[in-house]
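K.L.:
This structure is in structure tokens; I'll ask about it shortly.
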Amino acid sequence: MSSIEEASGSVATNAESARELAGSITSSKDLLDSLAARLDAIGVETTARQTQVAGDRAEELAGHANALADALDSLRQQVDALKGLLASAIRSGAGNSIRGRASRSASAAGSAAGQEPLPLKGPAASVSPRGISKRHFLGKLQMKSEAKKRNTVVLHGVDTDADIAAIWSGRAAYLHDNLYKVNDRTYGVKPTGTVYPVRGKGFVELDKLEYTALKGLKVYNGDRAAAERDPKIARFSRHMTDKTWETARNVFNQGQERA
Amino acid sequence: MRDYTIVFIEPVDLGVLAAEAADAFAIPREQIEVWDGRTFAAPVVEPVIAQVAAGSGPGAYAEFVGFDAFASHTGDPELLDVAVELATRLKHRAVFGPETAEDYRWTLVAADGSHGKVVLDDDQLDDGAIKVLGSVEPISGAPELPQLPETH
């Protein structure tokens, strides 16, 4: 394997093959089901039962093949993330005071990867990534999380680490100013290196009151009445409506479904 | 929904803040809620037009909050104009958050009304605390703030 890019592509190909295999097995299972029904109809019950068992087995195999494909997809994301981290390390190594050793390491890493890091635009070119603040994640919300005019919440299942790695490896589209787009999601990068979600697939934008309601639902396990008694929410009792709570509830429920 | 949330980052008396807000924006005093952190300090007359409240965390001493009712009552002013009016009347610094999801910079209004974009500490903000790391443009009324590179 001569490069991470090649490794990523190879894993992706294997994942695709696994999915094709799952599709073929599922087709075989459908044929077996159909055959079992026909045998049953003409009174060959024992053979029909055996055929049905074979069909169930095929279904099980298809499930395994799909699981394998999912695992390979995850592996590919990890390879991509590693690639981003490697590119970042190469860049930061170039400015290190122990320049000689760092440069040799970067050179070796670059050689191992078989590729040069892509040129970066915007703030990612000059700061190191610091991740996304807790208040943007549904699972990490606290009552004391600051509620702003616009609040973007990341739903469960969104691989923000892979997106961040893509930004720092130059694989995200640089939009303008400090904004980047990757995987149908827009992110901003602060001068501190902190990344923040803006909008896109798997993100939800909430206003101050909706976000406050969501915090309450999260902290009180979905119990609106209990949340409304919390002083940080009670102060807005004349301003929050049923619609405010419905919006928050929808987001909360999405988190429950995916958890 | 319009949102006029202005956070004072220096100690402010809630009664004075309510009185100044009432005077500045011609709001009947009894239509401004005063939240002391645990309960409302006095009965209010509906419809409520604005709220003043005890700060919600370290570094946040008091808040002025207005929503659509405040916007309608006052003719939909700019958030910055409201913040400058209150900060200069109370002679204390205030901040307000970014107005779009794209922006990350807060705005600091000094006691003299000068203002500029600032960056807050994200880790502190996660815990509801307001800590200004520095400004991305000079603010004459806050000359001690370190200058940060602007990326936006």
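Here's how to read the names in the structure tokens: chain A, B, ... by the order shown, residue numbers from 1 in each chain, ligand numbers from 1 in the order shown.
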List the spatial neighbours of Thr160 in chain A as a PDB file with C-alpha atoms, in the first residue's frame - criterion: any atom at most 9 Å away, only C-alpha atoms, same-chain residues fewer than 6 positions off excluded.

P.N.:
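Contents of result.pdb, as written:
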```
ATOM      1  CA  GLY A 131     -12.422  20.686  18.341  1.00  0.00           C
ATOM      2  CA  ILE A 132     -16.002  21.803  18.871  1.00  0.00           C
ATOM      3  CA  VAL A 154     -25.020  18.616  16.232  1.00  0.00           C
ATOM      4  CA  PRO A 197     -20.942  24.077  13.400  1.00  0.00           C
TER       5      PRO A 197
END
```

K.L.:
With 6 Å as the limit and counting only C-alpha atoms, what residues in chain A lie close to chain B? Please list them as a PyMOL selection string.

P.N.:
chain A and resi 135+144-146+150+177-178+198+231

K.L.:
Going by DSSP on the backbone, which residues of chain B come out as alpha helix (DSSP H)? List them as JSON, numbers by chain.

P.N.:
{"B": [14, 15, 16, 17, 18, 19, 20, 21, 22, 23, 24, 25, 68, 69, 70, 71, 72, 73, 74, 79, 80, 81, 82, 83, 84, 85, 86, 87, 88, 89, 90, 122, 123, 124, 125, 126]}

K.L.:
Hey, can you spit out that residue selection with C-alpha atoms as a short mmCIF file (atom, residue, chain, number, x, y, z; two decimals), in the first residue's frame?

P.N.:
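Saved to selection-v4.cif:
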```
data_model
loop_
_atom_site.label_atom_id
_atom_site.label_comp_id
_atom_site.auth_asym_id
_atom_site.auth_seq_id
_atom_site.Cartn_x
_atom_site.Cartn_y
_atom_site.Cartn_z
CA LEU B 14 -31.18 45.31 38.43
CA GLY B 15 -33.53 48.04 39.64
CA VAL B 16 -31.42 50.73 38.00
CA LEU B 17 -31.15 48.69 34.82
CA ALA B 18 -34.95 48.30 34.69
CA ALA B 19 -35.48 52.00 35.34
CA GLU B 20 -32.99 53.05 32.66
CA ALA B 21 -34.47 50.61 30.14
CA ALA B 22 -37.96 51.94 30.90
CA ASP B 23 -36.79 55.50 30.39
CA ALA B 24 -34.68 54.85 27.31
CA PHE B 25 -37.32 52.90 25.42
CA ASP B 68 -40.59 40.38 19.58
CA ALA B 69 -42.72 42.49 21.95
CA PHE B 70 -39.74 44.73 22.62
CA ALA B 71 -39.00 45.01 18.90
CA SER B 72 -42.59 45.99 18.15
CA HIS B 73 -42.75 48.46 21.00
CA THR B 74 -39.51 50.20 20.06
CA LEU B 79 -29.26 45.39 18.74
CA LEU B 80 -26.10 47.49 18.77
CA ASP B 81 -28.10 50.70 19.27
CA VAL B 82 -29.94 49.19 22.22
CA ALA B 83 -26.69 47.98 23.77
CA VAL B 84 -24.99 51.35 23.33
CA GLU B 85 -27.96 53.13 24.86
CA LEU B 86 -27.99 50.91 27.94
CA ALA B 87 -24.20 50.71 28.41
CA THR B 88 -23.78 54.48 28.24
CA ARG B 89 -26.71 55.12 30.55
CA LEU B 90 -25.42 52.66 33.15
CA ASP B 122 -15.21 28.89 24.50
CA ASP B 123 -14.48 26.59 27.40
CA GLN B 124 -15.81 29.17 29.85
CA LEU B 125 -18.85 29.78 27.67
CA ASP B 126 -19.67 26.08 27.86
#
```

K.L.:
As a ChimeraX atom specification, please: the residues near Pro138 in chain B (cut-off 10 Å, only C-alpha atoms, same-chain neighbours under 3 positions excluded).

P.N.:
/B:114-118,134-135,141-148

K.L.:
Take CA of Ala94 in chain B and CA of Glu205 in chain A and report the distance between them in Å, one decimal.

P.N.:
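If I compute the distance from CA of Ala94 in chain B to CA of Glu205 in chain A, I get 25.3 Å.
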
K.L.:
Name the closest residue to Gly157 in chain A among the candidates A:Trp245, A:Tyr187, A:Tyr196, A:Phe137; distances are taken between atoms, counting only C-alpha atoms.

P.N.:
A:Phe137

K.L.:
So what do you get for CA of Asn250 in chain A versus CA of Gly188 in chain A, distance-wise?

P.N.:
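Computing the Euclidean distance for CA of Asn250 in chain A and CA of Gly188 in chain A yields 25.4 Å.
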